[in-house]
Structure formats: structure tokens, C-alpha cells
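Enquirer: I'd like to ask you about the structure that follows.
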Amino acid sequence: MNSVQPTVSKDRFPVTGMTCTACASSVETILMHTEGIQEASVNYPTSTVSVTWDARITPQGIDQALQEVGYGLVISTKEVAESVREAQEKNYQQLKQQTIGAAIATLPIFVLGMFFMHWQPGRWISLVLCIPVLFYFGRHFFVRAVQLAKHGQANMDTLVALSTSIAFLFSTYSTLFPGFWMSKGLHPPVYFEAASVILVFVSLGKMLEERAKTNTGTALKKLIGLQPKTLTRLTATGQESIRLEDVILQDRILVKPGEKIPVDGQIQVGQSYLNESMLSGEYLPVAKGPGDAVFAGTLNQNGSLEILAEKIGSSTLLGQIIQRVQEAQGSKAPVQRLVDKVSGIFVPVVVLISIITFGFWMVFGGENALSHGILSAVSVLVIACPCALGLATPTALIVGMGKGAEQQILIRDAESLELGHQVTALVVDKTGTLTLGKPNVSSFWVNPLNKELDQISIEALLLALERNSAHPLAEAIVAHLEAKNLPPVQVEAFENIPGAGICGQMKGTRYFLGTKKWMGTLGVQLPAIPLEIEKEAEEKAQTLIWLCNESQVLAVLGIEDELKKNVKEVVESLKKMNIEVFLLTGDQYAPAKAVADQVGITQFRAECLPADKSNFIKALQQQGQVVAMVGDGINDAEALAQADVSIAMGMGSDVALDVAKITLVNSDLAKIPQALRLSKLTVNGIRQNLFWAFVYNLIGIPVAAGLLYPTFGILIDPMFASAAMALSSLSVVGNSLRLKTRGLD
């Protein structure tokens with residue numbers, strides 16, 4: 001008897017309540033131990049979790065499981081990106097209010113504790129003010145610690161709750177029962193200022209981290225802002241205005257002049273020019289008509305369009321770009337995996353050290369054993385809060401990826417940032433990568449023996465003929481000639497001869513435009529084109545188009561796929577970075593050599609199949625090279641997948657975009673060396689952060705435990721321990737944010 005397999009679902013949800021990487025680890029652990037959940041992966045920097053579950057549980061049930069330990073899911077009909085953005089902004093505002101409120105109440109406590117410590121009423125005032133600081137503005141620390149403890153979990157909130165509650169209870173006892181200390185000849189010690197300042201510093205660190213997360217998401221917000229919030233849907237009864245999230249596939253949508261395209265689809269009715277610079281980087285509007293594809297976020301400049309929705313929401317090209325930014329900010333570099341493991345065992349180890357510290361002081365502390373034991377144990381808990389360690393890698397990655405996004409370099413995963421600065425070989429495709437993938441008129445030769453038409457008349461004739469042509473090269477010729485404001489001419493009896501060319505009649509004379517081979521079949525006398533023109537055409541792999549009448553050739557046009565700007569400079573820049581550049585193309589030898597010679601690439605291969613490119617990269621890797629691949633087409637997908645670092649052109653195929661780890665949104669090759677330099681800056685930032693975080697903990701914990709007391713009489717006060725902890729976190733965040741000001745050129 002066959003068993004029925006439960007239905008499996010997978011989705012991504014925003015998570016509330018996470019304040020550190022240890023929180024993310026706790027959420028993953030809790031979900032993985034919840035019945036019905038098969039897989040859970042937390043993306044801490046973007047505050048989301050990807051969950052795979054079966055019919056034994058629902059999203060509401062998943063939310064309930066997290067609510068029990070102080071976290072939660074945002075279950076909404078909105079796009080995940082919008083929900084995450086709203087949740088992050090709400091969390092930031094809440095943390096800001098809590099931090100400001102705690103700081104205001106802490107200020108008088110701090111003044112009384114530092115400058116009026118012997119004023120008896122000051123203790124009672126501090127006690128009263130400390131209660132709202134800890135148990136109102138900072139109540140979430142204690143709630144979370146208790147909830148986690150019920151499930152055998154611990155994180156940074158556990159340390160904060162333990163340290164502040166012990167300091168508070170210790171001080172409250174001293175205030176209520178001062179005779180205990182006086183009987184020992186000691187002034188009753190109170191540390192209300194320490195408890196409150198600890199919480200303020202930790203809250204400030206969390207607020208700054210949340211602020212860093214929202215700030216580095218600016219580029220993502222701009223991408224999301226390209227989508228219109230409402231659109232006009234055409235129905236059998238007329239028009240209706242709906243929200244973007246309410247559109248469904250196969251809807252017919254009306255886009256008026258000046259409006260943004262809301263979905264990816266196909267034009268059914270209407271013609272217009274669209275500004276697609278957000279995708280291509282080109283500001284020249286693109287003519288669109290029935291049957292043409294349009295993309296979400298592009299701008300309709302003139303003319304109304306009726307569009308059939310074929311891709312909506314996150315499946316649109318713009319949606320995929322947004323999703324890749326989100327995934328990039330949450331991916332973990334290999335170095336971060338080590339940090340996560342350390343953080344997972346850090347909290348219980350620190351608690352154990354704190355207990356050992358207290359026990360040691362109680363045994364060897366002499367007459368002040370109790371007071372020193374309590375103070376040292378509290379200081380260990382405070383100074384070891386793993387803020388700096390937890391912030392070290394994510395903040396650098398978030399800032400680095402955010403800076404990349406601002407420069408139109410979308411980095412899909414953190415591993416690319418780690419490997420990018422190690423690249424020693426770069427493999428590039430030709431068409432659409434080094435070249436524009438768009439034909440352009442590069443030469444124009446007029447037969448000097450022609451007496452029938454002058455050059456202006458020839459150009460006007462060419463324009464009139466090509467305006468009627470459906471040939472792929474016609475657009476390039478028309479664009480070249482339209483800029484000359486030529487006088488209009490009338491062409492009659494127009495014919496399109498497939499595989500050969502076109503012909504038409506002007507003032508009773510027949511004119512032909514097409515291939516050299518076709519001219520030969522017409523019996524036209526072919527002149528000897530000057531040697532330098534033929535040589536240039538061969539060197540640049542130009543396509544020659546011939547214009548003739550019934551007896552002689554009038555002109556010859558050279559058409560070529562124009563190189564992208566600054567390609568030669570980019571190749572030189574890469575060589576200066578000690579990176580070998582290889583050109584692999586499926587094109588024939590002549591155009592491959594022509595392009596390689598023009599841009600300064602000495603190593604190239606032509607007529608490559610997809611497997612040939614992949615095998616070539618494998619061979620380089622076997623030689624110990626770290627290889628980056630740059631491509632734009634489906635034929636590049638295999639090579640992109642094989643490369644250590646894969647880079648796709650933003651206007652490339654969906655397959656290339658999906659496989660590549662880095663996307664150049666505007667297909668600007670100058671972004672390649674910038675991306676590699678960004679990798680170096682980011683990795684340096686991570687290393688600096690980790691160094692100081694580990695050094696801080698290695699030095700701070702023993703000192704807080706009292707290591708210096710026997711020799712120097714130095715015992716760290718909990719308040720100074722909290723200041724040191726907060727300072728380390730601020731230094732890590734500040735060091736990461738320095739990436740924003742660093743240049744990539």
C-alpha cells in the first residue's frame with residue numbers, strides 16, 4: 001500500500017525580533033525542531049527566513065512556534081521586499097524610541113551614581129528610575145531571555161538580561177539593606193547606573209546596526225521604487241484602477257504616456273517610445289509596437305499601450321534584480337560560517353566563565369569576596385556580549401553589497417566578494433559583452449565614377465529604401481542617416497527579396513540594395529573598392545552592403561557590431577591588476593581576431609561551443625587560477641556556472657542572469673575592475689572587524705574576571721565594561737561604513 005506524501009510548500013517570510021546573528025541561529029534551530037518543517041534558512045541581514053514545510057503545519061503555526069520564544073513571522077499579501085522594508089523601518093523606529101527613552105531616564109541615574117554616590121536619597125531616585133529603564137524600555141531583553149531559556153536556548157539577550165538583572169538586584173539589596181555592608185565596614189555599593197548604562201549602550205548598538213541595515217538598502221528601495229503602486233486594468237466593461245499586487249497573469253493593462261510599465265509583457269495595441277535606461281543604461285528611447293516585449297519599471301514616453309501581462313511581481317526582470325539584491329545581502333561568506341559556529345557556543349561558554357569567576361572570588365577573594373565576585377561576574381557577562389563578533393562580517397558584507405548596488409553592480413552571494421579579489425584570469429564573451437550587440441554604420445564609400453547621383457541624393461535614397469526594409473541591419477542604417485536631416489524622396493515599387501536585399505524605383509530608375517553576391521547575379525559591374533577600405537572591413541569584420549542601379553555600383557556601406565566604450569582601457573586596467581584576459585566566442589575566427597586586436601586581448605578562441613568554454617575554464621582552474629567569467633547569453637551559462645566568479649551583463653538572457661553571481665545592471669565593462677576592487681575592500685573590512693572583535697574578547701574577558709587585580713589592583717566596573725562593549729560594536733559598524741566613502745576607481 002502506497003503511503004500518501006504530505007504536500008510540501010516553500011516560501012520566504014520576514015522575521016521580527018532578531019537582533020543579532022545568535023538570534024538568527026536560534027530561529028533556525030527552533031524551526032528545524034518544529035514538527036512539519038523540513039528546512040529553514042535565516043537571512044539575518046535582510047531579516048527573512050526561507051521555510052519548507054508540509055501539511056502538518058501552516059504559516060500561522062510557524063509564526064506561533066516563533067512567538068513562543070519572542071520572534072515572529074510577518075504573514076502578508078504584500079511583496080516580501082515591501083514587508084521586510086516596513087518591518088525593518090518599524091523595528092528601527094521602535095529601537096530608536098526605546099533607546100532615547102532609556103537614555104533620558106539613565107542620565108540622572110548616571111549623574112547621581114558618578115558624582116553624588118554618597119547622597120542617600122540619590123540611591124532611591126536611581127532605584128525608581130532604573131525600573132522603567134530595565135523593565136519597560138528594555139523589557140524585550142528579559143522576555144526573550146526567558147523564552148529562549150524555556151527551549152534551552154541562549155543568545156546575546158541572555159547576557160544582557162543576566163548582567164543587568166544581577167546588577168539591579170545587587171544594588172536594590174544594598175539600598176534596602178545597607179546594614180549588611182556597613183557591618184563589614186564597607187560603604188553599601190550600588191550599580192544602578194551600570195545596569196541602566198549597559199542597557200542603553202546595547203540598545204544603541206542594536207539601533208545603529210538596524211540603521212546600517214536600512215541605510216545600505218537604499219539601492220534596493222530605489223529599485224523597488226521603479227514599480228508603480230497602481231495600474232489600469234482593462235475589463236469587458238471598461239477600465240479599473242487596481243493595486244500592483246492585485247494584477248494577475250494574462251491581464252490586459254493600459255499604460256498611458258508618462259506612466260511606468262508595471263509588469264513584463266507584450267504589447268497588444270499601440271506604439272510608443274520607451275525609456276529603458278534602467279535596464280540598458282542607454283537613454284535613447286526604444287520604439288515599441290504590437291508584439292514587442294516590455295519590462296516592468298521602464299517608462300512609456302508617448303502613446304498609449306495595451307499590454308498583456310506575462311510576468312508579474314518577483315518574476316519580472318526588475319523583480320528578479322530586486323530578489324538578487326535581497327539574496328546577496330543575506331548570503332554568508334565562508335568566513336561568516338566560522339563566526340556563526342563561534343557565536344553558537346559563545347554564550348554558554350561566557351556564562352560558564354562568569355560562574356567560575358564568581359566561584360573563584362568566593363574562594364580566594366578574602367573579606368571582599370562576595371562584592372568582588374558579584375562585580376567581576378557581572379563584568380564578564382557585560383564585556384563578552386558578542387556584538388562586535390556578530391557584527392564583524394554581516395555589516396561589512398551589507399555595506400559592500402550596498403555600495404555595489406549603488407554602482408549598478410549587483411552581487412548575488414557573499415562568496416563572490418571573498419573570491420573577487422583573488423581572481424587571476426578573466427574569460428570574456430564577445431557579442432553583447434565586449435560589443436554592444438547592436439549593428440552600426442562604420443564606413444561609407446561612394447563610387448567616384450558615379451555621375452548619376454551626388455552623395456546627398458544617395459544618402460536620401462538609402463534612407464527611403466531602408467525605412468521600408470525589415471532587415472535587421474536596416475535600423476542601424478536608418479539611425480545613421482536620419483541624423484543628417486536629408487531631403488525626403490519618394491520610392492515606388494518597393495520589393496523585399498529574402499536573403500538578398502531590397503529594391504525600389506525613384507524617378508523611373510530601379511535601385512538595388514543588398515549583398516555583393518546578389519549584385520553579381522544582377523549583372524552589375526562591380527568596381528574595385530580601394531584596398532584600404534577592403535582591409536579595414538576585413539580587420540573589423542564588417543558586413544558590406546552594396547547600393548547600385550541597373551548598371552553600376554553607387555555606394556558601399558560597412559556595418560559592424562560596435563565595441564562598448566572604454567573596452568580597451570578596461571582590458572589594460574585588468575592587466576595592471578595582474579589578471580590575464582581571454583576571449584572565447586562562438587563567432588568565426590575573423591571577427592574574433594578583429595575584436596581581440598582592437599581591445600588588446602592576445603589570447604582568444606573562436607567557434608567555441610558552450611562545452612568548449614566550460615572546459616577551457618576547467619583547464620585554467622586545474623593550473624591553480626582563480627577564474628572569473630563574463631557573459632550574457634544562454635550559451636555562456638555552462639561557463640558561468642563553472643567559473644569561480646561569474647559576471648553577467650544586465651541585458652543578458654535570464655539563464656545567464658540566474659547562473660551568474662554578479663550582474664552588471666547597465667552592462668558597463670568598466671564595472672568589472674570596480675567589482676574586483678570592491679571585493680578587496682570588503683574582505684579587508686571583514687578581516688579588520690574580526691581581528692578587533694576577537695582581540696577585544698580575548699583581552700576583555702580575563703580583565704573583567706579580575707586578572708589584573710592581584711598585581712595592579714585593577715577591577716573593571718560593570719559600567720566601564722558596558723562602555724567598552726558598546727565601543728567595540730561601534731568601532732566595527734564604523735569601520736564597515738567606511739566602505740561607503742572608498743573609491744572603486
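FYI, nothing fancy with the C-alpha cells labels: chains A, B, ... in order, residues from 1 per chain, ligands from 1 as they appear.
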If you count only C-alpha atoms, which residues fall within 12 Å of A:Phe135, apart from same-chain ones fewer than 4 positions away, as JSON, numbers by chain?

Expert: {"A": [98, 102, 128, 129, 130, 131, 139, 140, 141, 142, 143, 161, 164, 165, 168, 195, 196, 199]}

Enquirer: So how far away is atom CA of A:Trp124 from atom CA of A:Ile374, in Å?

Expert: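 Calculated distance between atom CA of A:Ile374 and atom CA of A:Trp124 is 21.2 Å.
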
Enquirer: Please indicate the distance in Å from atom CA of A:Asn578 to atom CA of A:Asp429, rounded to one decimal place.

Expert: 19.7 Å

Enquirer: Leaving out A:Asn440 and any residue of its chain fewer than 2 positions from it, which residues lie within 8 Å of it when counting only C-alpha atoms, given as a VMD selection string?

Expert: chain A and resid 438 442 476 to 477 480 559 to 562

Enquirer: Hey, can you spit out that residue selection with C-alpha atoms as a compact mmCIF listing (two decimals), in the first residue's frame?

Expert:
```txt
# COMPACT_ATOMS: atom_id res chain seq x y z
CA LYS A 438 23.90 46.30 -31.99
CA SER A 442 31.11 52.43 -39.53
CA ALA A 476 21.32 50.84 -37.99
CA ILE A 477 21.36 52.47 -41.44
CA HIS A 480 22.77 56.75 -39.11
CA ILE A 559 28.24 47.66 -40.87
CA GLU A 560 29.85 46.36 -37.70
CA ASP A 561 28.91 45.48 -34.13
CA GLU A 562 30.38 48.46 -32.31
```

Enquirer: Could you check the closest approach to A:Ile383 for each of A:Ile353, A:Leu410, A:Leu449, A:Gln94 and tell me which residue wins, using only C-alpha atoms?

Expert: A:Ile353

Enquirer: Can you pull out the residues contacting stretch 54-71 of chain A? Cut-off 8 Å, using only C-alpha atoms, and skip same-chain residues under 2 positions away; I want them as a ChimeraX atom specification.

Expert: /A:6-9,15-18,27,30-31,34-38,52,73,75,143-144,147-148,151

Enquirer: Based on the selection just made, write N, CA, C and O atoms of those residues as a short mmCIF file (atom, residue, chain, number, x, y, z; two decimals), in the first residue's frame.

Expert:
```cif
data_model
loop_
_atom_site.label_atom_id
_atom_site.label_comp_id
_atom_site.auth_asym_id
_atom_site.auth_seq_id
_atom_site.Cartn_x
_atom_site.Cartn_y
_atom_site.Cartn_z
N PRO A 6 3.00 13.99 2.17
CA PRO A 6 2.40 15.28 2.51
C PRO A 6 2.78 16.35 1.50
O PRO A 6 3.87 16.33 0.93
N THR A 7 1.86 17.26 1.25
CA THR A 7 2.13 18.37 0.33
C THR A 7 3.20 19.27 0.92
O THR A 7 3.14 19.66 2.08
N VAL A 8 4.20 19.59 0.09
CA VAL A 8 5.31 20.41 0.56
C VAL A 8 5.17 21.81 -0.01
O VAL A 8 4.89 21.99 -1.19
N SER A 9 5.36 22.81 0.85
CA SER A 9 5.31 24.22 0.44
C SER A 9 6.61 24.90 0.84
O SER A 9 7.28 24.48 1.78
N VAL A 15 11.08 38.10 9.34
CA VAL A 15 11.13 37.67 10.74
C VAL A 15 11.26 38.90 11.63
O VAL A 15 12.07 39.79 11.35
N THR A 16 10.48 38.95 12.69
CA THR A 16 10.56 40.05 13.64
C THR A 16 11.30 39.58 14.89
O THR A 16 11.27 38.41 15.24
N GLY A 17 11.96 40.52 15.55
CA GLY A 17 12.57 40.23 16.84
C GLY A 17 14.02 39.82 16.80
O GLY A 17 14.65 39.69 17.86
N MET A 18 14.62 39.60 15.62
CA MET A 18 16.03 39.20 15.56
C MET A 18 16.91 40.43 15.76
O MET A 18 16.72 41.45 15.11
N VAL A 27 16.56 31.09 15.73
CA VAL A 27 15.37 30.93 14.90
C VAL A 27 15.48 29.68 14.04
O VAL A 27 14.54 28.89 13.93
N ILE A 30 15.12 26.52 16.29
CA ILE A 30 13.73 26.33 16.74
C ILE A 30 12.87 25.78 15.61
O ILE A 30 12.10 24.84 15.78
N LEU A 31 13.01 26.37 14.43
CA LEU A 31 12.19 25.93 13.30
C LEU A 31 12.55 24.50 12.88
O LEU A 31 11.66 23.71 12.54
N THR A 34 10.76 22.00 14.85
CA THR A 34 9.30 22.11 14.86
C THR A 34 8.71 21.10 13.89
O THR A 34 9.13 21.01 12.73
N GLU A 35 7.75 20.33 14.35
CA GLU A 35 7.14 19.28 13.54
C GLU A 35 6.49 19.87 12.29
O GLU A 35 5.76 20.86 12.36
N GLY A 36 6.78 19.28 11.15
CA GLY A 36 6.20 19.72 9.88
C GLY A 36 7.13 20.58 9.06
O GLY A 36 6.91 20.78 7.87
N ILE A 37 8.20 21.11 9.68
CA ILE A 37 9.16 21.95 8.95
C ILE A 37 10.32 21.09 8.50
O ILE A 37 10.98 20.43 9.30
N GLN A 38 10.58 21.08 7.21
CA GLN A 38 11.62 20.25 6.64
C GLN A 38 12.95 20.99 6.50
O GLN A 38 14.01 20.40 6.57
N THR A 52 10.65 25.53 4.29
CA THR A 52 9.99 24.45 3.55
C THR A 52 9.20 23.63 4.57
O THR A 52 9.78 23.13 5.54
N LEU A 73 6.74 35.82 12.56
CA LEU A 73 6.74 35.98 11.10
C LEU A 73 5.79 37.10 10.71
O LEU A 73 4.79 37.34 11.38
N ILE A 75 3.23 37.63 8.07
CA ILE A 75 2.46 36.92 7.04
C ILE A 75 1.57 37.95 6.37
O ILE A 75 0.60 38.44 6.96
N VAL A 143 12.25 39.34 28.31
CA VAL A 143 11.23 38.45 27.74
C VAL A 143 11.88 37.43 26.83
O VAL A 143 11.61 36.22 26.90
N ARG A 144 12.78 37.90 25.96
CA ARG A 144 13.44 37.00 25.03
C ARG A 144 14.32 36.00 25.76
O ARG A 144 14.35 34.81 25.41
N GLN A 147 12.10 33.31 27.33
CA GLN A 147 11.51 32.44 26.30
C GLN A 147 12.55 31.49 25.73
O GLN A 147 12.26 30.32 25.48
N LEU A 148 13.76 31.99 25.50
CA LEU A 148 14.81 31.13 24.98
C LEU A 148 15.23 30.08 26.01
O LEU A 148 15.50 28.92 25.67
N HIS A 151 13.40 26.89 26.07
CA HIS A 151 13.71 25.95 24.99
C HIS A 151 15.19 25.58 24.97
O HIS A 151 15.71 25.06 23.98
#
```

Enquirer: Near A:Ile355, within 12 Å and counting only C-alpha atoms, which residues show up once chain neighbours fewer than 5 positions away are dropped, as number ranges by chain?

Expert: A: 162-163, 348-350, 360-362, 373-381, 705

Enquirer: Nearest residue to A:Gln625 out of A:Leu676, A:Leu426, A:Ala660, A:Val703, using only C-alpha atoms?

Expert: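 So, comparing all the options, the nearest one is A:Leu426.
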
Enquirer: Under the rule that only C-alpha atoms are counted, which of A:Ala483, A:Val351, A:Leu727, A:Ile253 is the nearest residue to A:Thr232?

Expert: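 Checking each candidate against A:Thr232, we get A:Ile253 as the closest.
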
Enquirer: Between atom CA of A:Gly113 and atom CA of A:Ser183, what distance in Å does the model show, to one decimal?

Expert: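 About the pair atom CA of A:Gly113 and atom CA of A:Ser183: they are 22.3 Å apart.
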
Enquirer: Using only C-alpha atoms, which of the listed residues (A:Thr663, A:Asn485, A:Thr357, A:Ser443) sits closest to A:Ile456?

Expert: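 Of A:Thr663, A:Asn485, A:Thr357, A:Ser443, the one nearest A:Ile456, counting only C-alpha atoms, is A:Asn485.
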
Enquirer: Within 10 Å of A:Ile647, counting only C-alpha atoms, which residues show up once you throw out same-chain ones fewer than 3 positions away? Write them as a VMD selection string, please.

Expert: chain A and resid 409 to 412 416 427 to 428 628 to 632 640 643 650 656 to 657 659 to 664 672 675

Enquirer: Write out, as a PDB file, in the first residue's frame, the residues just selected, with N, CA and C atoms.

Expert:
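Final file, again_15.pdb:
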```
ATOM      1  N   ILE A 409      26.324  47.385  -9.577  1.00  0.00           N
ATOM      2  CA  ILE A 409      26.980  46.075  -9.510  1.00  0.00           C
ATOM      3  C   ILE A 409      26.204  45.252  -8.491  1.00  0.00           C
ATOM      4  N   LEU A 410      25.398  44.319  -8.976  1.00  0.00           N
ATOM      5  CA  LEU A 410      24.571  43.526  -8.072  1.00  0.00           C
ATOM      6  C   LEU A 410      25.275  42.206  -7.767  1.00  0.00           C
ATOM      7  N   ILE A 411      25.631  42.009  -6.515  1.00  0.00           N
ATOM      8  CA  ILE A 411      26.391  40.834  -6.096  1.00  0.00           C
ATOM      9  C   ILE A 411      25.427  39.833  -5.477  1.00  0.00           C
ATOM     10  N   ARG A 412      25.383  38.651  -6.085  1.00  0.00           N
ATOM     11  CA  ARG A 412      24.371  37.671  -5.707  1.00  0.00           C
ATOM     12  C   ARG A 412      24.693  36.934  -4.421  1.00  0.00           C
ATOM     13  N   SER A 416      31.265  35.589  -3.732  1.00  0.00           N
ATOM     14  CA  SER A 416      31.860  36.375  -4.817  1.00  0.00           C
ATOM     15  C   SER A 416      32.712  37.508  -4.268  1.00  0.00           C
ATOM     16  N   VAL A 427      37.753  35.469 -18.268  1.00  0.00           N
ATOM     17  CA  VAL A 427      37.301  34.980 -19.567  1.00  0.00           C
ATOM     18  C   VAL A 427      36.083  35.796 -19.984  1.00  0.00           C
ATOM     19  N   VAL A 428      36.114  36.326 -21.216  1.00  0.00           N
ATOM     20  CA  VAL A 428      35.010  37.162 -21.671  1.00  0.00           C
ATOM     21  C   VAL A 428      34.412  36.613 -22.966  1.00  0.00           C
ATOM     22  N   ALA A 628      37.358  34.224 -13.368  1.00  0.00           N
ATOM     23  CA  ALA A 628      36.092  34.943 -13.490  1.00  0.00           C
ATOM     24  C   ALA A 628      35.629  34.839 -14.935  1.00  0.00           C
ATOM     25  N   MET A 629      34.326  34.692 -15.134  1.00  0.00           N
ATOM     26  CA  MET A 629      33.751  34.599 -16.474  1.00  0.00           C
ATOM     27  C   MET A 629      32.722  35.713 -16.646  1.00  0.00           C
ATOM     28  N   VAL A 630      32.785  36.388 -17.807  1.00  0.00           N
ATOM     29  CA  VAL A 630      31.838  37.454 -18.120  1.00  0.00           C
ATOM     30  C   VAL A 630      31.081  37.070 -19.377  1.00  0.00           C
ATOM     31  N   GLY A 631      29.767  36.987 -19.296  1.00  0.00           N
ATOM     32  CA  GLY A 631      28.962  36.618 -20.456  1.00  0.00           C
ATOM     33  C   GLY A 631      27.567  37.171 -20.355  1.00  0.00           C
ATOM     34  N   ASP A 632      26.770  36.925 -21.409  1.00  0.00           N
ATOM     35  CA  ASP A 632      25.420  37.484 -21.424  1.00  0.00           C
ATOM     36  C   ASP A 632      24.370  36.542 -22.002  1.00  0.00           C
ATOM     37  N   LEU A 640      29.663  30.094 -17.078  1.00  0.00           N
ATOM     38  CA  LEU A 640      29.402  30.919 -15.893  1.00  0.00           C
ATOM     39  C   LEU A 640      29.287  30.055 -14.645  1.00  0.00           C
ATOM     40  N   ALA A 643      32.834  28.818 -13.565  1.00  0.00           N
ATOM     41  CA  ALA A 643      33.797  29.814 -13.092  1.00  0.00           C
ATOM     42  C   ALA A 643      33.709  30.011 -11.582  1.00  0.00           C
ATOM     43  N   GLY A 650      23.670  42.925 -17.566  1.00  0.00           N
ATOM     44  CA  GLY A 650      22.304  43.144 -17.114  1.00  0.00           C
ATOM     45  C   GLY A 650      21.259  42.925 -18.184  1.00  0.00           C
ATOM     46  N   ALA A 656      21.579  33.326 -18.063  1.00  0.00           N
ATOM     47  CA  ALA A 656      22.871  33.884 -17.652  1.00  0.00           C
ATOM     48  C   ALA A 656      22.734  34.658 -16.349  1.00  0.00           C
ATOM     49  N   LEU A 657      21.662  35.418 -16.217  1.00  0.00           N
ATOM     50  CA  LEU A 657      21.436  36.189 -15.000  1.00  0.00           C
ATOM     51  C   LEU A 657      21.231  35.283 -13.798  1.00  0.00           C
ATOM     52  N   VAL A 659      22.421  32.206 -13.405  1.00  0.00           N
ATOM     53  CA  VAL A 659      23.635  31.463 -13.067  1.00  0.00           C
ATOM     54  C   VAL A 659      24.694  32.376 -12.460  1.00  0.00           C
ATOM     55  N   ALA A 660      24.818  33.576 -12.990  1.00  0.00           N
ATOM     56  CA  ALA A 660      25.901  34.469 -12.576  1.00  0.00           C
ATOM     57  C   ALA A 660      25.741  34.927 -11.133  1.00  0.00           C
ATOM     58  N   LYS A 661      26.883  35.132 -10.490  1.00  0.00           N
ATOM     59  CA  LYS A 661      26.889  35.597  -9.108  1.00  0.00           C
ATOM     60  C   LYS A 661      26.959  37.116  -9.010  1.00  0.00           C
ATOM     61  N   ILE A 662      27.386  37.750 -10.093  1.00  0.00           N
ATOM     62  CA  ILE A 662      27.457  39.209 -10.145  1.00  0.00           C
ATOM     63  C   ILE A 662      26.775  39.669 -11.428  1.00  0.00           C
ATOM     64  N   THR A 663      25.958  40.702 -11.332  1.00  0.00           N
ATOM     65  CA  THR A 663      25.282  41.259 -12.504  1.00  0.00           C
ATOM     66  C   THR A 663      25.663  42.722 -12.670  1.00  0.00           C
ATOM     67  N   LEU A 664      26.108  43.077 -13.875  1.00  0.00           N
ATOM     68  CA  LEU A 664      26.369  44.481 -14.205  1.00  0.00           C
ATOM     69  C   LEU A 664      25.096  45.032 -14.836  1.00  0.00           C
ATOM     70  N   ILE A 672      33.670  45.923 -14.095  1.00  0.00           N
ATOM     71  CA  ILE A 672      34.358  44.671 -13.731  1.00  0.00           C
ATOM     72  C   ILE A 672      35.527  44.939 -12.795  1.00  0.00           C
ATOM     73  N   ALA A 675      34.242  45.991  -9.473  1.00  0.00           N
ATOM     74  CA  ALA A 675      33.714  44.897  -8.647  1.00  0.00           C
ATOM     75  C   ALA A 675      34.842  44.151  -7.953  1.00  0.00           C
TER      76      ALA A 675
END
```

Enquirer: As a ChimeraX atom specification, which residues of stretch 476-697 of chain A does DSSP assign to strand (DSSP E)?

Expert: /A:492-497,501-506,509-514,543-548,553-563,580-584,603-605,627-631,645-649,662-664

Enquirer: Write out as a list in words each polymer residue whose atoms come within 10 Å of A:Ala611, counting only C-alpha atoms; drop sequence neighbours fewer than 5 positions from it.

Expert: Phe616, Ile617, Asn635, Asp636, Ala637, Glu638 and Ala639 of chain A

Enquirer: May I ask which of the residues A:Phe444, A:Phe295, A:Phe110, A:Phe358 is the closest one to A:Lys260, counting only C-alpha atoms?

Expert: A:Phe295
